[in-house]
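Structure below is my_file29.tsv: TSV, C-alpha atoms.
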chain	number	residue	atom	x	y	z
A	1	MET	CA	-36.30	-24.10	21.76
A	2	ASN	CA	-38.93	-22.64	19.48
A	3	ARG	CA	-38.36	-19.16	20.91
A	4	PHE	CA	-34.62	-19.57	20.41
A	5	THR	CA	-35.01	-20.39	16.70
A	6	GLU	CA	-37.43	-17.47	16.41
A	7	PHE	CA	-34.82	-15.21	17.96
A	8	LEU	CA	-32.14	-16.51	15.59
A	9	SER	CA	-34.25	-15.57	12.59
A	10	SER	CA	-35.15	-12.17	14.03
A	11	ARG	CA	-33.78	-8.81	12.91
A	12	THR	CA	-32.08	-8.28	16.28
A	13	ALA	CA	-30.07	-11.49	15.90
A	14	LYS	CA	-28.98	-10.45	12.42
A	15	VAL	CA	-27.87	-7.04	13.71
A	16	ILE	CA	-25.92	-8.68	16.55
A	17	ALA	CA	-24.29	-11.17	14.16
A	18	LEU	CA	-23.34	-8.42	11.71
A	19	SER	CA	-21.95	-6.26	14.53
A	20	VAL	CA	-19.82	-9.12	15.84
A	21	ALA	CA	-18.58	-9.90	12.31
A	22	GLY	CA	-17.77	-6.21	11.78
A	23	LEU	CA	-15.89	-6.07	15.06
A	24	ILE	CA	-13.88	-9.17	14.11
A	25	VAL	CA	-12.99	-7.63	10.73
A	26	LEU	CA	-11.97	-4.37	12.44
A	27	LEU	CA	-9.86	-6.30	14.93
A	28	LEU	CA	-8.14	-8.25	12.14
A	29	VAL	CA	-7.41	-5.05	10.20
A	30	PHE	CA	-6.08	-3.43	13.38
A	31	MET	CA	-3.84	-6.44	14.09
A	32	ALA	CA	-2.58	-6.46	10.49
A	33	GLY	CA	-1.79	-2.74	10.74
A	34	GLN	CA	0.01	-3.28	14.03
A	35	PHE	CA	2.04	-6.15	12.55
A	36	VAL	CA	3.04	-4.20	9.45
A	37	GLY	CA	3.76	-1.04	11.44
A	38	PHE	CA	5.98	-2.94	13.82
A	39	HIS	CA	7.97	-4.46	10.93
A	40	LYS	CA	8.40	-1.10	9.18
A	41	ALA	CA	9.34	0.72	12.37
A	42	THR	CA	11.85	-1.96	13.37
A	43	TYR	CA	13.57	-1.86	9.98
A	44	SER	CA	13.49	1.93	9.79
A	45	TYR	CA	15.04	2.23	13.22
A	46	ALA	CA	17.81	-0.24	12.30
A	47	TRP	CA	18.35	1.59	8.99
A	48	GLY	CA	18.54	4.96	10.78
A	49	ASP	CA	20.94	3.56	13.35
A	50	ARG	CA	23.19	2.23	10.59
A	51	TYR	CA	23.03	5.54	8.72
A	52	TRP	CA	23.97	7.44	11.88
A	53	GLN	CA	26.90	5.09	12.54
A	54	SER	CA	28.14	5.51	8.94
A	55	PHE	CA	27.78	9.25	8.58
A	56	GLY	CA	27.83	10.49	12.19
A	57	GLY	CA	26.41	13.87	13.05
A	58	PRO	CA	23.69	14.50	15.59
A	59	ARG	CA	21.63	11.44	16.20
A	60	PRO	CA	18.12	12.05	14.91
A	61	GLY	CA	15.33	11.77	17.41
A	62	PRO	CA	12.07	9.93	16.96
A	63	GLY	CA	9.93	11.46	14.26
A	64	THR	CA	12.78	13.38	12.64
A	65	MET	CA	14.58	10.24	11.48
A	66	MET	CA	12.44	9.75	8.40
A	67	GLU	CA	11.39	13.33	7.90
A	68	GLY	CA	8.56	13.48	5.42
A	69	ARG	CA	8.97	9.85	4.35
A	70	GLY	CA	7.26	7.76	6.95
A	71	PHE	CA	8.73	4.39	7.80
A	72	MET	CA	10.38	2.35	5.07
A	73	PRO	CA	9.45	-1.18	4.06
A	74	GLY	CA	12.10	-3.63	5.19
A	75	HIS	CA	11.15	-6.61	3.06
A	76	GLY	CA	12.22	-5.16	-0.23
A	77	SER	CA	13.47	-2.25	-2.21
A	78	PHE	CA	13.32	-0.86	-5.70
A	79	GLY	CA	15.57	1.69	-7.31
A	80	VAL	CA	18.96	2.12	-8.91
A	81	ILE	CA	22.17	0.33	-7.97
A	82	VAL	CA	24.62	3.02	-6.89
A	83	LYS	CA	27.41	0.78	-5.62
A	84	ILE	CA	28.42	-2.85	-5.96
A	85	ALA	CA	30.63	-4.42	-3.33
A	86	SER	CA	31.63	-7.99	-2.65
A	87	GLY	CA	28.44	-9.72	-1.56
A	88	SER	CA	26.30	-6.63	-1.35
A	89	LEU	CA	24.69	-3.82	-3.33
A	90	LEU	CA	23.66	-0.31	-2.47
A	91	VAL	CA	20.28	0.52	-3.94
A	92	GLN	CA	18.95	4.06	-3.95
A	93	ASP	CA	15.16	4.28	-3.98
A	94	GLN	CA	13.05	7.06	-5.49
A	95	GLY	CA	13.05	8.96	-2.21
A	96	GLY	CA	16.86	8.98	-2.14
A	97	ALA	CA	17.28	6.49	0.71
A	98	GLU	CA	20.11	4.05	0.15
A	99	LYS	CA	19.55	0.50	1.29
A	100	GLU	CA	22.26	-2.12	1.53
A	101	ILE	CA	21.18	-5.37	-0.11
A	102	VAL	CA	23.12	-8.41	1.04
A	103	LEU	CA	23.54	-11.21	-1.49
A	104	THR	CA	23.62	-14.80	-0.26
A	105	GLY	CA	24.07	-18.14	-1.97
A	106	ASP	CA	20.28	-18.46	-2.16
A	107	THR	CA	19.71	-15.10	-3.83
A	108	VAL	CA	18.11	-15.48	-7.24
A	109	ILE	CA	18.83	-12.72	-9.76
A	110	ARG	CA	16.56	-12.50	-12.79
A	111	ARG	CA	16.99	-10.44	-15.94
A	112	PHE	CA	14.10	-10.89	-18.37
A	113	GLU	CA	13.57	-14.66	-18.54
A	114	GLN	CA	17.07	-15.61	-17.44
A	115	THR	CA	18.72	-16.21	-14.11
A	116	VAL	CA	21.99	-14.31	-14.04
A	117	ALA	CA	24.97	-14.13	-11.69
A	118	ALA	CA	25.69	-11.31	-9.26
A	119	SER	CA	28.70	-10.39	-11.39
A	120	ASP	CA	26.28	-9.45	-14.20
A	121	LEU	CA	24.83	-6.62	-12.13
A	122	ARG	CA	26.01	-3.12	-13.03
A	123	VAL	CA	25.89	0.28	-11.40
A	124	ASN	CA	22.80	2.22	-12.65
A	125	ASP	CA	20.84	-1.00	-13.18
A	126	GLN	CA	17.22	-0.57	-12.13
A	127	VAL	CA	16.31	-3.38	-9.71
A	128	THR	CA	13.44	-4.60	-7.57
A	129	VAL	CA	14.38	-6.67	-4.53
A	130	ILE	CA	12.45	-9.00	-2.21
A	131	GLY	CA	14.20	-10.12	0.96
A	132	SER	CA	14.30	-10.23	4.72
A	133	PRO	CA	15.33	-7.31	6.93
A	134	THR	CA	18.27	-7.89	9.24
A	135	GLN	CA	18.90	-6.35	12.64
A	136	SER	CA	21.76	-4.33	11.20
A	137	GLY	CA	19.44	-2.42	8.83
A	138	THR	CA	20.33	-4.32	5.67
A	139	ILE	CA	18.11	-6.52	3.51
A	140	GLU	CA	19.06	-10.11	2.83
A	141	ALA	CA	17.98	-10.53	-0.78
A	142	LYS	CA	15.99	-13.56	-1.87
A	143	LEU	CA	14.94	-12.37	-5.31
A	144	ILE	CA	16.33	-9.53	-7.40
A	145	ARG	CA	14.77	-8.58	-10.71
A	146	VAL	CA	16.75	-6.38	-13.04
A	147	LEU	CA	14.37	-4.12	-14.91
A	148	PRO	CA	14.97	-2.80	-18.40
A	149	ALA	CA	16.38	0.74	-18.42
A	150	PRO	CA	13.61	3.34	-18.75
A	151	THR	CA	13.35	4.66	-22.27
A	152	ALA	CA	14.02	8.35	-22.69
A	153	THR	CA	10.93	10.36	-23.57
A	154	PRO	CA	11.40	12.61	-26.58
A	155	GLN	CA	11.96	16.25	-25.64
A	156	ARG	CA	9.72	18.81	-27.30
B	1	MET	CA	-52.61	22.90	-2.25
B	2	THR	CA	-52.47	22.22	1.45
B	3	ARG	CA	-49.69	23.40	3.70
B	4	ILE	CA	-48.58	19.79	4.36
B	5	ALA	CA	-48.19	19.11	0.63
B	6	GLU	CA	-46.11	22.28	0.24
B	7	ILE	CA	-43.81	21.21	3.07
B	8	ARG	CA	-43.40	17.75	1.49
B	9	ILE	CA	-42.46	19.24	-1.86
B	10	PHE	CA	-40.02	21.62	-0.21
B	11	ARG	CA	-38.39	18.75	1.73
B	12	ARG	CA	-38.15	16.66	-1.41
B	13	ARG	CA	-36.46	19.51	-3.26
B	14	VAL	CA	-34.00	20.00	-0.41
B	15	ARG	CA	-33.18	16.27	-0.43
B	16	VAL	CA	-32.76	16.17	-4.20
B	17	ALA	CA	-30.47	19.21	-4.05
B	18	SER	CA	-28.46	17.76	-1.13
B	19	PHE	CA	-28.00	14.27	-2.57
B	20	GLY	CA	-27.37	15.68	-6.05
B	21	THR	CA	-24.63	17.99	-4.75
B	22	LEU	CA	-23.13	15.22	-2.63
B	23	GLY	CA	-23.16	12.87	-5.63
B	24	LEU	CA	-21.48	15.43	-7.87
B	25	VAL	CA	-18.82	16.22	-5.25
B	26	ALA	CA	-18.16	12.49	-4.74
B	27	LEU	CA	-17.95	11.93	-8.51
B	28	ALA	CA	-15.52	14.84	-8.87
B	29	ALA	CA	-13.45	13.45	-5.97
B	30	VAL	CA	-12.94	10.12	-7.76
B	31	VAL	CA	-10.39	11.64	-10.17
B	32	PRO	CA	-7.99	13.18	-7.58
B	33	ALA	CA	-8.47	10.12	-5.35
B	34	TRP	CA	-7.49	7.84	-8.24
B	35	ARG	CA	-4.50	10.06	-9.02
B	36	GLU	CA	-3.42	9.90	-5.39
B	37	LEU	CA	-3.80	6.11	-5.46
B	38	SER	CA	-1.62	5.83	-8.58
B	39	GLU	CA	1.06	8.19	-7.22
B	40	GLU	CA	1.14	6.50	-3.83
B	41	ALA	CA	1.42	3.06	-5.45
B	42	ALA	CA	4.24	4.25	-7.74
B	43	ARG	CA	6.08	5.96	-4.86
B	44	SER	CA	5.92	2.94	-2.57
B	45	GLY	CA	6.90	0.51	-5.33
B	46	PHE	CA	3.66	-1.43	-5.00
B	47	TRP	CA	3.26	-1.89	-8.77
B	48	GLN	CA	6.90	-2.99	-9.14
B	49	TYR	CA	6.48	-5.65	-6.48
B	50	MET	CA	3.18	-6.78	-8.00
B	51	SER	CA	4.82	-7.03	-11.41
B	52	MET	CA	7.48	-9.28	-9.88
B	53	PHE	CA	4.72	-11.73	-9.02
B	54	ILE	CA	3.52	-11.63	-12.63
B	55	HIS	CA	7.01	-12.11	-14.11
B	56	ASP	CA	8.49	-14.58	-11.62
B	57	PRO	CA	5.59	-16.31	-9.82
B	58	VAL	CA	7.65	-19.41	-8.99
B	59	PHE	CA	10.53	-17.46	-7.43
B	60	VAL	CA	8.18	-15.09	-5.64
B	61	ALA	CA	6.26	-18.10	-4.25
B	62	SER	CA	9.49	-19.39	-2.71
B	63	ALA	CA	9.76	-16.12	-0.73
B	64	TRP	CA	6.02	-15.70	-0.22
B	65	LYS	CA	6.22	-14.64	3.42
B	66	ASP	CA	8.51	-11.70	2.65
B	67	PHE	CA	6.44	-10.91	-0.43
B	68	VAL	CA	3.15	-10.79	1.49
B	69	VAL	CA	4.63	-8.55	4.21
B	70	LEU	CA	6.21	-6.36	1.54
B	71	LEU	CA	2.87	-5.89	-0.21
B	72	ALA	CA	1.24	-5.07	3.13
B	73	GLU	CA	4.02	-2.56	3.84
B	74	THR	CA	3.68	-0.82	0.49
B	75	ILE	CA	-0.06	-1.06	-0.12
B	76	PRO	CA	-1.39	2.42	-0.98
B	77	ALA	CA	-3.93	2.33	1.85
B	78	PHE	CA	-4.79	6.04	1.82
B	79	GLY	CA	-5.39	6.06	-1.94
B	80	ILE	CA	-7.55	2.93	-1.79
B	81	ALA	CA	-9.56	4.39	1.10
B	82	ALA	CA	-10.01	7.69	-0.78
B	83	VAL	CA	-11.18	5.98	-3.99
B	84	ALA	CA	-13.46	3.59	-2.08
B	85	ALA	CA	-14.94	6.43	0.00
B	86	SER	CA	-15.69	8.59	-3.04
B	87	VAL	CA	-17.18	5.68	-5.03
B	88	VAL	CA	-19.32	4.49	-2.09
B	89	THR	CA	-20.50	8.05	-1.37
B	90	PHE	CA	-21.41	8.53	-5.02
B	91	GLY	CA	-23.31	5.22	-5.08
B	92	ALA	CA	-25.15	5.99	-1.85
B	93	SER	CA	-26.14	9.48	-3.02
B	94	VAL	CA	-27.44	8.13	-6.35
B	95	ARG	CA	-29.43	5.49	-4.48
B	96	SER	CA	-30.89	8.07	-2.11
B	97	LEU	CA	-31.66	10.36	-5.04
B	98	ALA	CA	-33.52	7.52	-6.78
B	99	ARG	CA	-35.55	6.89	-3.63
B	100	VAL	CA	-36.49	10.54	-3.24
B	101	THR	CA	-37.49	11.04	-6.87
B	102	THR	CA	-39.60	7.84	-7.20
Can the structure from this file be put into structure tokens for me?
Amino acid sequence: MNRFTEFLSSRTAKVIALSVAGLIVLLLVFMAGQFVGFHKATYSYAWGDRYWQSFGGPRPGPGTMMEGRGFMPGHGSFGVIVKIASGSLLVQDQGGAEKEIVLTGDTVIRRFEQTVAASDLRVNDQVTVIGSPTQSGTIEAKLIRVLPAPTATPQR
Amino acid sequence: MTRIAEIRIFRRRVRVASFGTLGLVALAAVVPAWRELSEEAARSGFWQYMSMFIHDPVFVASAWKDFVVLLAETIPAFGIAAVAASVVTFGASVRSLARVTT
């Protein structure tokens, strides 16, 4: 028993404990990366599939689908509204990808400190969206924040 | 001066030069790393999503699962790693430099 407590307070035990803790942290980071990667890849694949069905052309293969962009996040979007349809919006992000945002009865739309209706949204409004990805490559919006229009910088 | 003392001085100079150069390179790398972090965060929308939490914490809390995954999806991991690596390298080289010179 005495030797065991001696071992526990030894340098070797500390090194072993730190190594195990480091391995656990690495494992958790790896699992988190795997989880996030899976979500992004699933959404991006569904988005690509939808895009291909809408616009046709040769179906892009793996790796060429998101050329130069990497996979897209499926739990939200930010950009400019380019189209408003009944119950959905088309938001174009900074990279040019257009994501369809589906509005439900539970979707909350905020402009400054107020909650507004979907009918108050306009084309060219800058929005940030949080929602859930669907299997059809759309995002079911839970919260939409309308951002103030960017102020024009004076030209010299 | 003995030969051993000369070798020690030479080694010390080499270490000072090495750690000094490494520290300077790491310090210089902080600026582009920080720029990359800012650009990556702006491109992915990370700041916009974070600002949503600041403006609408109650509404964001009601969709916290999606929000957490969204932050994980858009976190500028490369930029954070680059900034952290350059800062840690700079700190380590300064520490080593202090050990060599004292």
At a cut-off of 7 Å, list the chain A residues touching chain B, using all atoms listed in the file, as number ranges by chain.
-> A: 36, 73, 75-76, 78, 128, 130-132, 142
If you count all atoms listed in the file, which residues fall within 12 Å of segment 135-139 of chain A, apart from same-chain ones fewer than 3 positions away, as a ChimeraX atom specification?
-> /A:39-54,72-78,87-91,98-104,107,129-132,142-144 /B:66
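One finds atom CA of Val25 of chain B at 11.9 Å from atom CA of Gly91 of chain B.
Taking atom CA of Thr89 of chain B and atom CA of Ala26 of chain B as the two end points, the separation is 6.0 Å.
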Got a sec: who's within 12 Å of Ser86 of chain B, counting all atoms listed in the file, leaving out chain neighbours fewer than 5 positions off, as a ChimeraX atom specification?
-> /B:22-34,79-81,91-93
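Across the structure, atom CA of Arg111 of chain A and atom CA of Met50 of chain B are spaced 16.3 Å apart.
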Determine, counting all atoms listed in the file, which protein, DNA and RNA residues have an atom within 8 Å of an atom of Val94 of chain B; residues of the same chain fewer than 3 positions away are not included. Present the result as a list in words.
-> Phe19, Gly20, Gly23, Phe90, Gly91, Leu97 and Ala98 of chain B
As a short mmCIF file (atom, residue, chain, number, x, y, z; two decimals), keeping the file's coordinate frame, the rebuilt segment 6-18 of chain B with N, CA and C atoms:
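result-v1.cif, freshly written:
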data_model
loop_
_atom_site.label_atom_id
_atom_site.label_comp_id
_atom_site.auth_asym_id
_atom_site.auth_seq_id
_atom_site.Cartn_x
_atom_site.Cartn_y
_atom_site.Cartn_z
N GLU B 6 -47.18 21.32 0.55
CA GLU B 6 -46.11 22.28 0.24
C GLU B 6 -44.82 21.92 0.98
N ILE B 7 -44.98 21.57 2.26
CA ILE B 7 -43.81 21.21 3.07
C ILE B 7 -43.13 19.96 2.50
N ARG B 8 -43.96 19.00 2.07
CA ARG B 8 -43.40 17.75 1.49
C ARG B 8 -42.60 18.06 0.23
N ILE B 9 -43.16 18.89 -0.61
CA ILE B 9 -42.46 19.24 -1.86
C ILE B 9 -41.15 19.96 -1.56
N PHE B 10 -41.22 20.88 -0.59
CA PHE B 10 -40.02 21.62 -0.21
C PHE B 10 -38.93 20.66 0.31
N ARG B 11 -39.36 19.72 1.18
CA ARG B 11 -38.39 18.75 1.73
C ARG B 11 -37.79 17.88 0.63
N ARG B 12 -38.64 17.50 -0.30
CA ARG B 12 -38.15 16.66 -1.41
C ARG B 12 -37.12 17.42 -2.24
N ARG B 13 -37.41 18.70 -2.48
CA ARG B 13 -36.46 19.51 -3.26
C ARG B 13 -35.12 19.66 -2.53
N VAL B 14 -35.23 19.86 -1.22
CA VAL B 14 -34.00 20.00 -0.41
C VAL B 14 -33.19 18.70 -0.48
N ARG B 15 -33.88 17.57 -0.37
CA ARG B 15 -33.18 16.27 -0.43
C ARG B 15 -32.54 16.04 -1.79
N VAL B 16 -33.30 16.34 -2.84
CA VAL B 16 -32.76 16.17 -4.20
C VAL B 16 -31.51 17.03 -4.38
N ALA B 17 -31.62 18.30 -3.91
CA ALA B 17 -30.47 19.21 -4.05
C ALA B 17 -29.28 18.70 -3.24
N SER B 18 -29.55 18.23 -2.01
CA SER B 18 -28.46 17.76 -1.13
C SER B 18 -27.76 16.52 -1.71
#
